[in-house]
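Below: the structure, in structure tokens.
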Amino acid sequence: MGRRPSVFVRPVSMEEGRKLQRISRTAKDPVRLRRAVVVLMSAQGQTVKDITTLMQVGEDYVRDVIHAFNERGFDALDPKWSGGRPRTISDEVREHICLIARTSPADWKITAFSTWSLSKLAEHLIKQKVTAAISRETLRRILREGKVSWKTTTTWKASTDPEFIAKMHRILALYDTSPTDGRVICVDEFGPLNLMPRKGKAWGPVRRPRRLRATYNRYGGVMHMLAALDLATGKIYYRIPKRTRWREFLGLLKSLRARWPGEKLYVVLDNFSPHKRVDVRTWTTDNGAGVAPADVGGDGGVLLRCRTGLPANLWIMAELDRGRVRGLRGCGGRCRSVRSSAGLGQVHSLVACPVEGLCR
């Protein structure tokens, strides 16, 4: 048997050579990379035997790559992946499966369980003759392709206040445009604040963490916080009483009124019952503050109420919670005397002002 003739790639231009070099350096597909290297080595004058020795591939593979490149050019470098076995579940059946997955077992009069698992859903599909057979992995892939995922059930609620839309627009208008005749104050409650040991992080010897007692006594009781956010300056003014009744809330309003005696105050509140106390309304009326939820009254101010979470009030809660955790982490019973001010005075990215009669 004679020696097989040598096979070389056709003459390659300078542009084609640079393209082959770029593919051999940057290609992420291993098949495309290997074929480009074979063609590049053949264009440099190396024989089939030399290429097989360096690339650790067979001679027939090298010859097939060279012949394919000579016939089809750079298209021969792309792998021709086979399609595999055709789908046994049509697109219509897949959409039907996704629709059934979004239903509840109770809709099919199934009371043994309340949610679908992959195995239960597969059994149900076979029982309903949606498909003859289906595995859990196939079902998982079908649901993923149909953008059906496992979700946590959440709750929702809507306001029953018939004037909710009007109040909401009025409050958002105050947020967007500050009034020229006064300032906007957002007031909310925060608590209870339990002075207990809290786990945290601190520097210490390797594998010898600090230990805190798991048992504790609540000698200082439970405290609360009344906070007022001034949107003009971004400062929070707060009190730390033991309870959040209407008396404590009225005391906060009096302090705010004394702090800005000549300005109209637009106080944004939620629907907490102490805010609607008759004594509070009487005081606001006597001091020139309007009690109507969305009406400016007199020259003292306006009391706005809304039965939903408000952006600025939620801002107060988020910042106070972050400051409380930041100040109390890693604090045990030995620092009980300073815990009441450590976490409550640190408000991240805001300035807390427990001064001028606002902090007891």
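Naming works like this for the structure tokens: A, B, ... for the chains as they're shown, residue 1 at the start of each chain, ligands 1 onward in shown order.
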
Self-check item: 9 Å contact set for A:Ile51, only C-alpha atoms, chain neighbours under 3 positions out, as a PyMOL selection string
Solution: chain A and resi 38+41-42+46-48+54-57+59+62

Exercise. Between atom CA of A:Asp75 and atom CA of A:Arg87, measure the distance and give it in Å to one decimal.
Key: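 Separation of atom CA of A:Asp75 and atom CA of A:Arg87: 27.9 Å.
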
Quiz prompt | For atom CA of A:Asp279 and atom CA of A:Pro179, the interatomic separation in Å (one decimal) | solution =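 Computing it gives 27.3 Å between the two atoms.
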
Exercise. Quote the spacing between atom CA of A:Thr111 and atom CA of A:Thr155 in Å to one decimal place.
Key: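 About the pair atom CA of A:Thr111 and atom CA of A:Thr155: they are 22.3 Å apart.
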
Exercise. Choose the residue, out of A:Arg18, A:Trp108, A:Glu248, A:Glu189, that has the smallest atom-to-atom separation from A:Phe272; count only C-alpha atoms.
Key: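 For A:Phe272, the nearest of the candidates is A:Glu189.
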
Practice problem: Run DSSP on the backbone and give me the residues of stretch 73-189 of chain A it puts in alpha helix (DSSP H), as a ChimeraX atom specification. | Solution: /A:91-101,118-127,136-145,164-176

Self-check item: Spatial neighbours of A:Thr180, max dist 12 Å, only C-alpha atoms, sep filter under 3 positions, as a list in words
Solution: Leu174, Thr177, Arg183, Val184, Ala232, Glu263, Lys264, Leu265 and Tyr266 of chain A

Atoms to include: C-alpha atoms. Write the selected residues as a short mmCIF file (atom, residue, chain, number, x, y, z; two decimals), in the first residue's frame.
```cif
data_model
loop_
_atom_site.label_atom_id
_atom_site.label_comp_id
_atom_site.auth_asym_id
_atom_site.auth_seq_id
_atom_site.Cartn_x
_atom_site.Cartn_y
_atom_site.Cartn_z
CA LEU A 174 -46.47 68.07 49.38
CA THR A 177 -43.35 70.67 46.08
CA ARG A 183 -42.99 72.84 56.37
CA VAL A 184 -43.95 69.18 55.94
CA ALA A 232 -36.94 70.42 54.58
CA GLU A 263 -44.81 78.38 60.63
CA LYS A 264 -47.67 76.31 59.35
CA LEU A 265 -47.07 72.59 59.91
CA TYR A 266 -48.26 69.98 57.43
#
```

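Proximity of A:Trp283, A:Lys127, A:Cys186, A:Thr103 to A:Ile171, computed with only C-alpha atoms, is greatest for A:Cys186.
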
Quiz item: Smallest atom-to-atom distance to A:Asp230: which of A:Ser82, A:Thr88, A:Ser178, A:Thr154, using only C-alpha atoms?
Solution: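 Smallest separation from A:Asp230 among the options: A:Ser178.
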
Quiz item: What lies within 9 Å of A:Ser24 using only C-alpha atoms, ignoring chain neighbours under 3 positions off, as JSON, numbers by chain?
Solution: {"A": [19, 20, 21, 27, 32, 33, 34, 35, 36, 37, 40]}

Quiz item: Pick the closest to A:Val39 from A:Met14, A:Arg22, A:Val65, A:Ile97: which is it, counting only C-alpha atoms?
Solution: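 Residue with the minimum atom-to-atom distance to A:Val39: A:Val65.
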
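If you count only C-alpha atoms and ignore residues fewer than 4 places along the chain from A:Thr131, what sits within 10 Å of it is Thr88, Ile89, Ser90, Val93, Arg94, Ile97, Ala122, His124, Leu125, Ile126 and Lys127 of chain A.
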
Self-check item: Which of A:Ile185, A:Ala101, A:Val267, A:Leu252 sits closest to A:Leu229 [using only C-alpha atoms]
Solution: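 Of A:Ile185, A:Ala101, A:Val267, A:Leu252, the one nearest A:Leu229 is A:Ile185, counting only C-alpha atoms.
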